[in-house]
file final.cif (mmCIF, C-alpha atoms and all ligand atoms)
data_entry
loop_
_atom_site.label_atom_id
_atom_site.label_comp_id
_atom_site.auth_asym_id
_atom_site.auth_seq_id
_atom_site.Cartn_x
_atom_site.Cartn_y
_atom_site.Cartn_z
CA MET A 9 20.93 -10.15 -1.95
CA LYS A 10 18.09 -10.29 0.54
CA THR A 11 18.34 -12.60 3.55
CA TYR A 12 15.19 -13.92 5.19
CA ARG A 13 15.48 -15.12 8.77
CA ILE A 14 13.27 -18.17 9.25
CA ALA A 15 12.56 -19.90 12.56
CA THR A 16 11.80 -23.62 12.32
CA ILE A 17 9.85 -25.29 15.12
CA PRO A 18 9.30 -28.96 14.26
CA GLY A 19 7.48 -29.69 17.55
CA ASP A 20 6.23 -33.25 18.02
CA GLY A 21 5.61 -36.46 16.10
CA ILE A 22 5.81 -36.17 12.32
CA GLY A 23 6.49 -32.42 12.70
CA LYS A 24 10.11 -33.55 13.17
CA GLU A 25 10.04 -35.10 9.70
CA VAL A 26 8.02 -32.62 7.67
CA VAL A 27 9.61 -29.38 8.92
CA PRO A 28 13.18 -30.40 7.93
CA ALA A 29 11.66 -31.42 4.57
CA GLY A 30 10.14 -27.95 4.26
CA GLN A 31 13.51 -26.41 5.06
CA GLN A 32 15.11 -28.51 2.30
CA VAL A 33 12.57 -27.16 -0.17
CA LEU A 34 13.38 -23.58 0.83
CA GLU A 35 17.10 -24.35 0.48
CA ALA A 36 16.55 -25.84 -2.98
CA LEU A 37 14.65 -22.71 -3.91
CA ALA A 38 17.43 -20.41 -2.66
CA THR A 39 19.98 -22.42 -4.65
CA ALA A 40 17.89 -21.97 -7.79
CA ASN A 41 17.21 -18.28 -7.15
CA SER A 42 19.93 -15.69 -6.75
CA ASN A 43 17.67 -12.91 -5.37
CA PHE A 44 17.48 -14.15 -1.81
CA ARG A 45 18.84 -16.56 0.76
CA PHE A 46 17.51 -17.99 4.01
CA GLU A 47 19.04 -18.03 7.46
CA PHE A 48 17.41 -20.75 9.55
CA GLU A 49 17.28 -21.06 13.31
CA ASN A 50 15.80 -24.24 14.74
CA PHE A 51 13.93 -24.42 18.07
CA ASP A 52 13.52 -27.81 19.76
CA TRP A 53 10.35 -26.87 21.65
CA GLY A 54 7.48 -29.28 22.21
CA GLY A 55 6.81 -32.50 24.13
CA ASP A 56 10.43 -33.57 24.62
CA TYR A 57 11.35 -30.08 25.80
CA TYR A 58 8.41 -30.27 28.23
CA ARG A 59 9.68 -33.55 29.70
CA GLN A 60 13.05 -31.92 30.40
CA HIS A 61 11.97 -28.43 31.44
CA GLY A 62 8.33 -28.63 32.51
CA VAL A 63 7.28 -26.13 29.85
CA MET A 64 6.67 -26.48 26.09
CA MET A 65 8.82 -23.44 25.31
CA PRO A 66 11.01 -21.16 27.44
CA ALA A 67 9.51 -18.05 29.06
CA ASP A 68 11.53 -15.77 26.76
CA GLY A 69 10.73 -17.89 23.69
CA LEU A 70 8.73 -15.19 21.93
CA ASP A 71 11.71 -12.83 22.17
CA ALA A 72 13.85 -15.36 20.29
CA LEU A 73 11.29 -15.38 17.46
CA ARG A 74 10.43 -11.69 17.36
CA ASP A 75 13.03 -10.59 14.81
CA LYS A 76 12.38 -13.48 12.38
CA ASP A 77 10.70 -12.87 9.04
CA ALA A 78 8.53 -15.97 9.40
CA ILE A 79 8.08 -19.18 11.37
CA LEU A 80 7.71 -22.67 9.89
CA PHE A 81 5.92 -24.84 12.44
CA GLY A 82 5.30 -28.61 12.53
CA SER A 83 2.89 -29.89 15.11
CA ALA A 84 2.36 -29.82 18.86
CA GLY A 85 0.76 -32.89 20.43
CA ASP A 86 2.03 -35.78 22.52
CA PRO A 87 0.10 -38.83 23.69
CA ASP A 88 1.66 -38.50 27.18
CA ILE A 89 0.96 -34.79 27.71
CA PRO A 90 -2.54 -33.30 28.09
CA ASP A 91 -3.80 -31.38 25.05
CA HIS A 92 -4.32 -28.14 26.95
CA ILE A 93 -0.58 -28.06 27.76
CA THR A 94 0.68 -28.92 24.26
CA LEU A 95 -1.77 -26.54 22.58
CA TRP A 96 -1.78 -23.56 24.95
CA GLY A 97 1.88 -23.94 25.88
CA LEU A 98 3.31 -23.50 22.40
CA ARG A 99 1.21 -22.95 19.29
CA LEU A 100 -1.42 -20.72 20.83
CA LYS A 101 1.21 -18.87 22.83
CA ILE A 102 2.87 -17.88 19.56
CA CYS A 103 -0.44 -17.11 17.79
CA GLN A 104 -1.59 -14.89 20.64
CA GLY A 105 1.81 -13.42 21.51
CA PHE A 106 2.25 -12.23 17.92
CA ASP A 107 -1.42 -11.33 17.41
CA GLN A 108 -1.69 -13.65 14.40
CA TYR A 109 -5.39 -12.97 14.23
CA ALA A 110 -6.05 -14.30 10.73
CA ASN A 111 -5.80 -18.02 10.15
CA VAL A 112 -5.84 -18.64 6.41
CA ARG A 113 -6.51 -22.04 4.87
CA PRO A 114 -6.47 -22.45 1.10
CA THR A 115 -8.18 -25.58 -0.20
CA ARG A 116 -7.89 -26.99 -3.70
CA ILE A 117 -7.93 -30.44 -5.24
CA LEU A 118 -4.35 -30.78 -6.45
CA PRO A 119 -3.59 -32.63 -9.69
CA GLY A 120 -3.55 -36.42 -9.26
CA ILE A 121 -5.43 -36.40 -5.96
CA ASP A 122 -8.44 -38.69 -5.67
CA ALA A 123 -10.93 -36.50 -3.78
CA PRO A 124 -14.06 -38.05 -2.27
CA LEU A 125 -16.75 -35.94 -4.01
CA LYS A 126 -17.46 -37.81 -7.20
CA ARG A 127 -19.60 -35.08 -8.76
CA CYS A 128 -17.07 -32.35 -8.03
CA ARG A 129 -14.57 -31.38 -10.73
CA PRO A 130 -11.21 -30.08 -9.43
CA GLU A 131 -12.05 -26.60 -10.76
CA ASP A 132 -15.26 -26.60 -8.67
CA LEU A 133 -13.36 -26.58 -5.41
CA ASN A 134 -11.01 -23.65 -4.96
CA TRP A 135 -11.57 -22.03 -1.61
CA VAL A 136 -9.77 -20.00 1.01
CA ILE A 137 -11.15 -20.26 4.51
CA VAL A 138 -10.35 -17.36 6.85
CA ARG A 139 -10.61 -18.29 10.51
CA GLU A 140 -10.77 -15.71 13.28
CA ASN A 141 -7.75 -16.73 15.33
CA SER A 142 -7.71 -14.57 18.45
CA GLU A 143 -11.03 -14.62 20.31
CA GLY A 144 -14.59 -15.89 19.87
CA GLU A 145 -15.39 -19.34 21.19
CA TYR A 146 -11.72 -19.96 22.07
CA SER A 147 -11.31 -16.80 24.14
CA GLY A 148 -10.40 -18.87 27.19
CA VAL A 149 -12.92 -16.91 29.24
CA GLY A 150 -15.05 -19.05 31.48
CA GLY A 151 -14.84 -21.21 34.52
CA ARG A 152 -15.88 -24.29 36.38
CA VAL A 153 -17.40 -24.35 39.84
CA HIS A 154 -18.57 -26.87 42.44
CA GLN A 155 -16.55 -29.73 40.96
CA GLY A 156 -17.75 -33.11 42.13
CA HIS A 157 -21.02 -31.72 43.49
CA PRO A 158 -24.50 -32.14 42.02
CA ILE A 159 -24.61 -28.41 41.26
CA GLU A 160 -21.35 -28.50 39.26
CA ALA A 161 -21.36 -26.04 36.36
CA ALA A 162 -18.99 -24.75 33.67
CA THR A 163 -18.99 -21.97 31.10
CA ASP A 164 -17.00 -21.08 28.01
CA VAL A 165 -17.70 -17.54 27.00
CA THR A 166 -17.80 -16.66 23.30
CA MET A 167 -16.17 -13.28 23.40
CA MET A 168 -16.35 -11.14 20.29
CA THR A 169 -14.96 -7.63 20.31
CA ARG A 170 -15.87 -5.04 17.69
CA VAL A 171 -12.17 -4.49 17.00
CA GLY A 172 -11.61 -8.24 16.59
CA VAL A 173 -14.59 -8.77 14.29
CA GLU A 174 -13.94 -5.69 12.18
CA ARG A 175 -10.33 -6.59 11.53
CA ILE A 176 -10.96 -10.21 10.53
CA LEU A 177 -13.87 -9.25 8.26
CA ARG A 178 -11.86 -6.47 6.65
CA PHE A 179 -9.02 -8.96 6.07
CA ALA A 180 -11.45 -11.46 4.53
CA PHE A 181 -13.08 -8.89 2.24
CA ARG A 182 -9.63 -7.71 1.11
CA LEU A 183 -8.55 -11.30 0.41
CA ALA A 184 -11.77 -11.99 -1.51
CA GLN A 185 -11.18 -8.81 -3.51
CA SER A 186 -7.69 -10.02 -4.48
CA ARG A 187 -9.00 -13.29 -5.93
CA PRO A 188 -10.43 -13.56 -9.44
CA ARG A 189 -14.04 -14.26 -8.40
CA LYS A 190 -14.19 -11.49 -5.76
CA GLN A 191 -16.68 -13.44 -3.71
CA LEU A 192 -17.05 -13.87 0.05
CA THR A 193 -19.33 -16.03 2.18
CA VAL A 194 -19.72 -14.92 5.81
CA VAL A 195 -20.60 -17.80 8.13
CA THR A 196 -22.28 -17.55 11.55
CA LYS A 197 -25.01 -19.14 13.61
CA SER A 198 -26.88 -15.91 14.19
CA ASN A 199 -30.32 -17.51 14.23
CA ALA A 200 -29.53 -19.41 17.42
CA GLN A 201 -26.83 -17.33 19.11
CA ARG A 202 -28.38 -13.96 19.42
CA HIS A 203 -25.68 -11.60 20.62
CA ALA A 204 -22.13 -12.09 19.39
CA MET A 205 -23.15 -13.73 16.10
CA VAL A 206 -25.72 -11.04 15.38
CA MET A 207 -23.05 -8.39 15.97
CA TRP A 208 -20.76 -10.28 13.55
CA ASP A 209 -23.45 -10.22 10.84
CA GLN A 210 -24.10 -6.54 11.44
CA ILE A 211 -20.42 -5.64 11.23
CA ALA A 212 -20.15 -7.68 7.99
CA THR A 213 -22.85 -5.48 6.47
CA GLU A 214 -20.92 -2.38 7.55
CA ILE A 215 -17.51 -3.54 6.26
CA ALA A 216 -19.07 -4.69 2.96
CA THR A 217 -19.73 -1.05 2.05
CA GLU A 218 -15.94 -0.55 1.88
CA PHE A 219 -15.73 -3.28 -0.79
CA PRO A 220 -18.47 -2.56 -3.34
CA ASP A 221 -16.79 -4.82 -5.93
CA VAL A 222 -16.96 -7.93 -3.69
CA LYS A 223 -20.07 -10.10 -4.01
CA TRP A 224 -20.91 -11.47 -0.60
CA ASP A 225 -23.52 -13.57 1.12
CA LYS A 226 -24.31 -14.91 4.59
CA GLU A 227 -24.65 -18.58 5.47
CA LEU A 228 -25.51 -20.40 8.68
CA VAL A 229 -22.80 -22.86 9.66
CA ASP A 230 -25.07 -25.92 9.56
CA ALA A 231 -26.30 -25.08 6.06
CA MET A 232 -22.70 -24.32 5.13
CA THR A 233 -21.55 -27.92 5.69
CA ALA A 234 -24.19 -29.16 3.25
CA ARG A 235 -23.36 -26.44 0.73
CA MET A 236 -19.65 -27.35 0.80
CA VAL A 237 -20.55 -30.92 -0.15
CA ASN A 238 -23.45 -30.27 -2.54
CA LYS A 239 -22.53 -27.00 -4.24
CA PRO A 240 -18.76 -26.49 -3.84
CA ALA A 241 -18.55 -24.30 -6.93
CA THR A 242 -20.78 -21.64 -5.33
CA LEU A 243 -18.02 -20.85 -2.79
CA ASP A 244 -14.75 -18.96 -3.05
CA THR A 245 -13.50 -17.05 0.00
CA ILE A 246 -15.12 -18.01 3.30
CA VAL A 247 -14.84 -16.27 6.68
CA ALA A 248 -16.02 -17.72 9.97
CA THR A 249 -15.50 -17.58 13.71
CA ASN A 250 -12.71 -19.43 15.51
CA LEU A 251 -14.78 -22.56 16.27
CA HIS A 252 -16.83 -22.69 13.10
CA ALA A 253 -13.86 -22.23 10.80
CA ASP A 254 -11.90 -24.82 12.75
CA ILE A 255 -14.56 -27.39 11.90
CA LEU A 256 -15.26 -26.20 8.34
CA SER A 257 -11.57 -26.26 7.43
CA ASP A 258 -11.17 -29.90 8.48
CA LEU A 259 -14.18 -30.71 6.30
CA ALA A 260 -12.60 -28.71 3.48
CA ALA A 261 -9.29 -30.56 3.82
CA ALA A 262 -11.05 -33.92 3.70
CA LEU A 263 -13.07 -32.86 0.63
CA ALA A 264 -9.81 -31.91 -1.08
CA GLY A 265 -8.43 -35.41 -0.58
CA SER A 266 -6.27 -35.61 2.55
CA LEU A 267 -5.36 -33.98 5.81
CA GLY A 268 -1.73 -34.54 4.80
CA ILE A 269 -1.73 -31.95 2.00
CA ALA A 270 -3.57 -29.05 3.64
CA PRO A 271 -1.62 -25.93 4.70
CA THR A 272 -2.38 -22.99 6.93
CA GLY A 273 -0.95 -19.62 7.85
CA ASN A 274 -1.38 -17.84 11.18
CA ILE A 275 -0.99 -14.34 9.94
CA ASP A 276 -0.40 -10.92 11.39
CA PRO A 277 -1.70 -8.95 8.41
CA GLU A 278 -0.04 -5.78 9.71
CA HIS A 279 3.44 -7.37 9.62
CA ARG A 280 4.21 -6.17 13.16
CA TYR A 281 5.38 -9.66 14.15
CA PRO A 282 6.46 -12.82 12.33
CA SER A 283 3.62 -14.92 10.93
CA MET A 284 3.60 -18.69 11.34
CA PHE A 285 2.97 -21.33 8.67
CA GLU A 286 2.18 -25.00 9.31
CA PRO A 287 0.48 -28.06 7.87
CA ILE A 288 -2.99 -28.51 9.36
CA HIS A 289 -2.40 -32.11 10.38
CA GLY A 290 -1.32 -33.00 13.91
CA SER A 291 1.58 -34.98 15.29
CA ALA A 292 0.29 -38.36 14.00
CA PHE A 293 2.27 -40.53 16.41
CA ASP A 294 0.96 -43.68 14.67
CA ILE A 295 3.27 -43.07 11.70
CA MET A 296 6.01 -41.09 13.43
CA GLY A 297 9.66 -41.94 12.71
CA LYS A 298 8.80 -44.28 9.84
CA GLY A 299 9.40 -41.88 6.98
CA LEU A 300 5.77 -42.19 5.86
CA ALA A 301 4.52 -38.68 6.57
CA ASN A 302 3.20 -36.72 3.62
CA PRO A 303 5.27 -33.50 3.49
CA VAL A 304 3.01 -31.78 0.93
CA GLY A 305 0.99 -29.90 3.59
CA THR A 306 4.27 -28.41 4.82
CA PHE A 307 5.44 -27.58 1.27
CA TRP A 308 2.18 -25.79 0.56
CA SER A 309 2.69 -23.92 3.87
CA VAL A 310 6.10 -22.92 2.52
CA VAL A 311 4.29 -21.49 -0.52
CA MET A 312 2.11 -19.39 1.80
CA LEU A 313 5.21 -18.30 3.74
CA LEU A 314 6.84 -17.09 0.51
CA GLU A 315 3.67 -15.23 -0.53
CA HIS A 316 3.62 -13.54 2.87
CA LEU A 317 7.22 -12.41 2.31
CA GLY A 318 6.11 -10.95 -1.02
CA GLU A 319 8.11 -13.53 -3.01
CA ASN A 320 5.20 -14.40 -5.29
CA GLU A 321 7.28 -15.70 -8.18
CA ALA A 322 9.19 -18.07 -5.91
CA ALA A 323 5.91 -19.16 -4.31
CA ALA A 324 4.46 -20.00 -7.71
CA ARG A 325 7.60 -21.96 -8.57
CA VAL A 326 7.24 -24.14 -5.45
CA MET A 327 3.49 -24.60 -6.03
CA LYS A 328 4.15 -25.75 -9.59
CA ALA A 329 6.72 -28.25 -8.32
CA ILE A 330 4.23 -29.58 -5.75
CA GLU A 331 1.57 -30.02 -8.45
CA GLN A 332 4.01 -31.85 -10.73
CA VAL A 333 4.76 -34.25 -7.91
CA THR A 334 1.15 -34.86 -6.76
CA ALA A 335 0.20 -35.51 -10.40
CA ASN A 336 2.42 -38.61 -10.30
CA PRO A 337 0.76 -41.44 -8.29
CA ALA A 338 4.17 -43.11 -7.85
CA LEU A 339 5.01 -40.17 -5.59
CA HIS A 340 1.93 -40.47 -3.36
CA THR A 341 2.42 -41.27 0.32
CA GLY A 342 0.24 -43.74 2.24
CA ASP A 343 -2.47 -41.23 3.17
CA LEU A 344 -3.07 -40.76 -0.58
CA GLY A 345 -3.11 -44.52 -1.23
CA GLY A 346 0.50 -44.69 -2.44
CA GLN A 347 3.79 -46.06 -1.14
CA ALA A 348 6.21 -43.17 -1.50
CA THR A 349 8.27 -42.00 1.46
CA THR A 350 8.74 -38.51 2.87
CA VAL A 351 12.28 -38.47 1.48
CA GLN A 352 11.19 -39.48 -2.04
CA VAL A 353 8.49 -36.80 -2.21
CA THR A 354 10.88 -34.17 -0.85
CA GLN A 355 13.59 -35.05 -3.37
CA ALA A 356 11.10 -34.98 -6.22
CA VAL A 357 9.82 -31.51 -5.25
CA CYS A 358 13.40 -30.18 -4.85
CA GLU A 359 14.31 -31.56 -8.30
CA ALA A 360 11.21 -30.02 -9.88
CA ILE A 361 12.13 -26.65 -8.34
CA ALA A 362 15.66 -26.91 -9.72
CA LYS A 363 14.36 -27.70 -13.23
CA ALA A 364 11.64 -25.01 -13.32
P1 LIG B 1 -2.67 -34.45 17.12
O1 LIG B 1 -3.08 -35.05 18.40
O2 LIG B 1 -1.38 -33.70 17.19
O3 LIG B 1 -3.77 -33.70 16.42
P2 LIG B 1 -3.23 -36.86 15.69
O4 LIG B 1 -2.58 -38.11 16.14
O5 LIG B 1 -4.66 -36.58 15.98
O6 LIG B 1 -2.31 -35.65 16.13
P3 LIG B 1 -3.55 -35.98 13.00
O7 LIG B 1 -2.36 -35.42 12.39
O8 LIG B 1 -4.62 -35.06 13.49
O9 LIG B 1 -3.04 -36.93 14.15
O10 LIG B 1 -4.11 -36.96 11.90
C1 LIG B 1 -4.91 -38.09 12.07
C2 LIG B 1 -4.34 -39.24 11.26
O11 LIG B 1 -4.20 -38.90 9.87
C3 LIG B 1 -2.95 -39.59 11.73
O12 LIG B 1 -3.00 -40.50 12.79
C4 LIG B 1 -2.28 -40.15 10.49
O13 LIG B 1 -2.49 -41.52 10.37
C5 LIG B 1 -2.96 -39.39 9.34
N1 LIG B 1 -2.12 -38.28 8.89
C6 LIG B 1 -2.15 -36.99 9.32
N2 LIG B 1 -1.22 -36.24 8.72
C7 LIG B 1 -0.57 -37.05 7.86
C8 LIG B 1 0.51 -36.86 6.96
N3 LIG B 1 1.12 -35.68 6.79
N4 LIG B 1 0.93 -37.92 6.24
C9 LIG B 1 0.35 -39.10 6.38
N5 LIG B 1 -0.68 -39.35 7.22
C10 LIG B 1 -1.14 -38.34 7.96
MG MG B 2 -5.69 -34.57 15.51
#

call {"tool": "encode", "arguments": {"input": "final.cif", "output": "structure tokens"}}
result
Amino acid sequence: MKTYRIATIPGDGIGKEVVPAGQQVLEALATANSNFRFEFENFDWGGDYYRQHGVMMPADGLDALRDKDAILFGSAGDPDIPDHITLWGLRLKICQGFDQYANVRPTRILPGIDAPLKRCRPEDLNWVIVRENSEGEYSGVGGRVHQGHPIEAATDVTMMTRVGVERILRFAFRLAQSRPRKQLTVVTKSNAQRHAMVMWDQIATEIATEFPDVKWDKELVDAMTARMVNKPATLDTIVATNLHADILSDLAAALAGSLGIAPTGNIDPEHRYPSMFEPIHGSAFDIMGKGLANPVGTFWSVVMLLEHLGENEAAARVMKAIEQVTANPALHTGDLGGQATTVQVTQAVCEAIAKA
């Protein structure tokens, strides 16, 4: 029997509620499936750890994660700690330390979810957004000079490397090729930003020749927002830069009904290091500790984690259980207009897995 070693990092806020729920779902799955088991190790890193130790995670933290098969992450964010510390001190440290250069965000309108686009049928919106996760606008290159003086200035450098752009585009074309519609939309702002974005477009044209069976087109990011709302069915796989995809994927999550159900994977496609899966929502301190958090975004992240491990049948089993539960409005949490609790939704998904 195979054993998968999973690191759990609940982090802050409702991460502490949804990650244990995700672990329960994996345990229910292992009970129902005799081919594999999970060995969990939990890491209490985040805001509370920072208050005690002055850092979000220990200096040798990456070493503790290195031999895991995957990481299930909650959220990093704390009202009392500046964002640059919570973000750069934990999540980004793991993403960069393990070169998780592809951030993958599937978006669908799940059964029973009341999505805001009234003219959009659920089958019209079935996207995967691929976000470049290692450089670009979030390269960290830049600086600030003459603070407090009239000549104060600051820069953030959008750094695109050929290696970085080639590998994310190749990943996106390959993903598009694996989906039934074999269709990719490459998003930039190459009419206004004339260097890095133009290089991105050019490299897309080069990589496309390796994938003659993938239909692809280019879209400017501003036009893309309108297209997502007006013509969702014309899109399938989408690839964009770090900043653009960050924004587009929040729009996508909202169009699919709620931030609380959207998942993401920070993936090292080469499997050199563990990949990390997490709901896209943040720490949501306003509902923390009340048992109100929607765990579906974490469960869907668990589905992605299983797919990454190659356990496609098990992944499909969990996804089916999630869809059975979202289809029942009595099992909707507050963000979906319902009154169900985290515990009720978790139990229902675990039961559906057991029965499948
Ligand atoms: P962070 O600073 O870590 O990003 P945040 O307070 O901005 O956290 P988000 O998670 O980004 O919170 O979400 C914004 C709001 O959406 C939350 O305040 C919360 O009310 C709601 N929300 C987000 N995720 C969920 C969820 N899983 N279940 C229920 N409501 C949610
Ligand atoms: Mg937020």

call {"tool": "closest_residue", "arguments": {"input": "final.cif", "among": "A:Gly318, A:Gly172, A:Pro130, A:Gly305", "to": "ligand LIG 1 (chain B)", "atoms": "only C-alpha atoms and all ligand atoms"}}
result
A:Gly305

call {"tool": "residues_near_ligand", "arguments": {"input": "final.cif", "ligand": "ligand LIG 1 (chain B)", "cutoff": "6 Å", "atoms": "only C-alpha atoms and all ligand atoms", "output": "list in words"}}
result
Ala84, Gly85, Leu267, Gly268, His289, Gly290, Ser291, Ala292, Phe293, Asp294, Ala301, Asn302, Pro303 and Asp343 of chain A

call {"tool": "atom_distance", "arguments": {"input": "final.cif", "atom1": "atom CA of Leu243 of chain A", "atom2": "atom CA of Gln191 of chain A"}}
result
7.6 Å

call {"tool": "atom_distance", "arguments": {"input": "final.cif", "atom1": "atom CA of Phe44 of chain A", "atom2": "atom CA of Ala322 of chain A"}}
result
10.0 Å

call {"tool": "atom_distance", "arguments": {"input": "final.cif", "atom1": "atom CA of Gly97 of chain A", "atom2": "atom CA of Met64 of chain A"}}
result
5.4 Å

call {"tool": "residues_around", "arguments": {"input": "final.cif", "residues": "Asn250 of chain A", "least_positions_apart": "4", "cutoff": "12 Å", "atoms": "only C-alpha atoms", "output": "PyMOL selection string"}}
result
chain A and resi 109-112+137-148+166-168+172-173+176+195-196+205+254-257

call {"tool": "residues_near_point", "arguments": {"input": "final.cif", "point": "(-3.0, -19.5, 4.0)", "cutoff": "7 Å", "atoms": "only C-alpha atoms", "output": "list in words"}}
result
Asn111, Val112, Arg113, Pro114, Pro271, Thr272, Gly273 and Met312 of chain A

call {"tool": "write_last_selection", "arguments": {"input": "final.cif", "atoms": "C-alpha atoms", "output": "PDB file, in the coordinates of the input"}}
result
ATOM      1  CA  ASN A 111      -5.800 -18.020  10.150  1.00  0.00           C
ATOM      2  CA  VAL A 112      -5.840 -18.640   6.410  1.00  0.00           C
ATOM      3  CA  ARG A 113      -6.510 -22.040   4.870  1.00  0.00           C
ATOM      4  CA  PRO A 114      -6.470 -22.450   1.100  1.00  0.00           C
ATOM      5  CA  PRO A 271      -1.620 -25.930   4.700  1.00  0.00           C
ATOM      6  CA  THR A 272      -2.380 -22.990   6.930  1.00  0.00           C
ATOM      7  CA  GLY A 273      -0.950 -19.620   7.850  1.00  0.00           C
ATOM      8  CA  MET A 312       2.110 -19.390   1.800  1.00  0.00           C
TER       9      MET A 312
END

call {"tool": "closest_atom_pairs", "arguments": {"input": "final.cif", "of": "segment 160-232 of chain A", "to": "segment 274-277 of chain A", "cutoff": "12 Å", "atoms": "only C-alpha atoms", "output": "Markdown table"}}
result
| residue | atom | partner | partner_atom | distance |
| --- | --- | --- | --- | --- |
| A:Arg175 | CA | A:Pro277 | CA | 9.5 |
| A:Ile176 | CA | A:Pro277 | CA | 9.6 |
| A:Arg178 | CA | A:Pro277 | CA | 10.6 |
| A:Phe179 | CA | A:Pro277 | CA | 7.7 |
| A:Ala180 | CA | A:Pro277 | CA | 10.8 |
| A:Arg182 | CA | A:Pro277 | CA | 10.8 |
| A:Leu183 | CA | A:Pro277 | CA | 10.8 |

call {"tool": "closest_residue", "arguments": {"input": "final.cif", "among": "A:Leu192, A:Leu263, A:Ala204, A:Pro287", "to": "ligand MG 2 (chain B)", "atoms": "only C-alpha atoms and all ligand atoms"}}
result
A:Pro287

call {"tool": "residues_near_point", "arguments": {"input": "final.cif", "point": "(4.5, -34.7, 27.5)", "cutoff": "8 Å", "atoms": "only C-alpha atoms", "output": "ChimeraX atom specification"}}
result
/A:55-56,58-59,86-90,94

call {"tool": "write_last_selection", "arguments": {"input": "final.cif", "atoms": "C-alpha atoms", "output": "short mmCIF file (atom, residue, chain, number, x, y, z; two decimals), in the frame of the given file"}}
result
data_model
loop_
_atom_site.label_atom_id
_atom_site.label_comp_id
_atom_site.auth_asym_id
_atom_site.auth_seq_id
_atom_site.Cartn_x
_atom_site.Cartn_y
_atom_site.Cartn_z
CA GLY A 55 6.81 -32.50 24.13
CA ASP A 56 10.43 -33.57 24.62
CA TYR A 58 8.41 -30.27 28.23
CA ARG A 59 9.68 -33.55 29.70
CA ASP A 86 2.03 -35.78 22.52
CA PRO A 87 0.10 -38.83 23.69
CA ASP A 88 1.66 -38.50 27.18
CA ILE A 89 0.96 -34.79 27.71
CA PRO A 90 -2.54 -33.30 28.09
CA THR A 94 0.68 -28.92 24.26
#

call {"tool": "closest_residue", "arguments": {"input": "final.cif", "among": "A:Ile117, A:Ile361, A:Ile288, A:Val247", "to": "ligand MG 2 (chain B)", "atoms": "only C-alpha atoms and all ligand atoms"}}
result
A:Ile288

call {"tool": "closest_residue", "arguments": {"input": "final.cif", "among": "A:Glu286, A:Glu214, A:Asp230, A:Glu174", "to": "Ala200 of chain A", "atoms": "all atoms listed in the file"}}
result
A:Asp230

call {"tool": "decode", "arguments": {"input": "final.cif", "residues": "segment 170-182 of chain A", "atoms": "N, CA and C atoms", "output": "mmCIF file, in the first residue's frame"}}
result
data_model
loop_
_atom_site.group_PDB
_atom_site.id
_atom_site.type_symbol
_atom_site.label_atom_id
_atom_site.label_comp_id
_atom_site.auth_asym_id
_atom_site.auth_seq_id
_atom_site.Cartn_x
_atom_site.Cartn_y
_atom_site.Cartn_z
ATOM 1 N N ARG A 170 13.440 34.672 -20.329
ATOM 2 C CA ARG A 170 13.026 33.749 -21.392
ATOM 3 C C ARG A 170 12.724 32.372 -20.804
ATOM 4 N N VAL A 171 13.601 31.918 -19.887
ATOM 5 C CA VAL A 171 13.365 30.606 -19.268
ATOM 6 C C VAL A 171 12.018 30.584 -18.546
ATOM 7 N N GLY A 172 11.737 31.657 -17.787
ATOM 8 C CA GLY A 172 10.496 31.723 -17.011
ATOM 9 C C GLY A 172 9.260 31.754 -17.899
ATOM 10 N N VAL A 173 9.329 32.514 -18.980
ATOM 11 C CA VAL A 173 8.168 32.647 -19.867
ATOM 12 C C VAL A 173 7.966 31.369 -20.674
ATOM 13 N N GLU A 174 9.061 30.815 -21.163
ATOM 14 C CA GLU A 174 8.940 29.565 -21.939
ATOM 15 C C GLU A 174 8.309 28.460 -21.105
ATOM 16 N N ARG A 175 8.751 28.314 -19.858
ATOM 17 C CA ARG A 175 8.271 27.171 -19.091
ATOM 18 C C ARG A 175 6.806 27.323 -18.696
ATOM 19 N N ILE A 176 6.363 28.552 -18.406
ATOM 20 C CA ILE A 176 4.950 28.696 -18.027
ATOM 21 C C ILE A 176 4.057 28.544 -19.262
ATOM 22 N N LEU A 177 4.513 29.046 -20.413
ATOM 23 C CA LEU A 177 3.692 28.900 -21.617
ATOM 24 C C LEU A 177 3.631 27.446 -22.068
ATOM 25 N N ARG A 178 4.758 26.743 -21.957
ATOM 26 C CA ARG A 178 4.757 25.332 -22.326
ATOM 27 C C ARG A 178 3.813 24.546 -21.403
ATOM 28 N N PHE A 179 3.854 24.875 -20.112
ATOM 29 C CA PHE A 179 2.941 24.234 -19.153
ATOM 30 C C PHE A 179 1.486 24.506 -19.542
ATOM 31 N N ALA A 180 1.190 25.761 -19.900
ATOM 32 C CA ALA A 180 -0.194 26.133 -20.227
ATOM 33 C C ALA A 180 -0.666 25.451 -21.514
ATOM 34 N N PHE A 181 0.205 25.402 -22.524
ATOM 35 C CA PHE A 181 -0.170 24.720 -23.768
ATOM 36 C C PHE A 181 -0.429 23.234 -23.493
ATOM 37 N N ARG A 182 0.429 22.629 -22.656
ATOM 38 C CA ARG A 182 0.274 21.206 -22.352
ATOM 39 C C ARG A 182 -1.051 20.957 -21.617
#
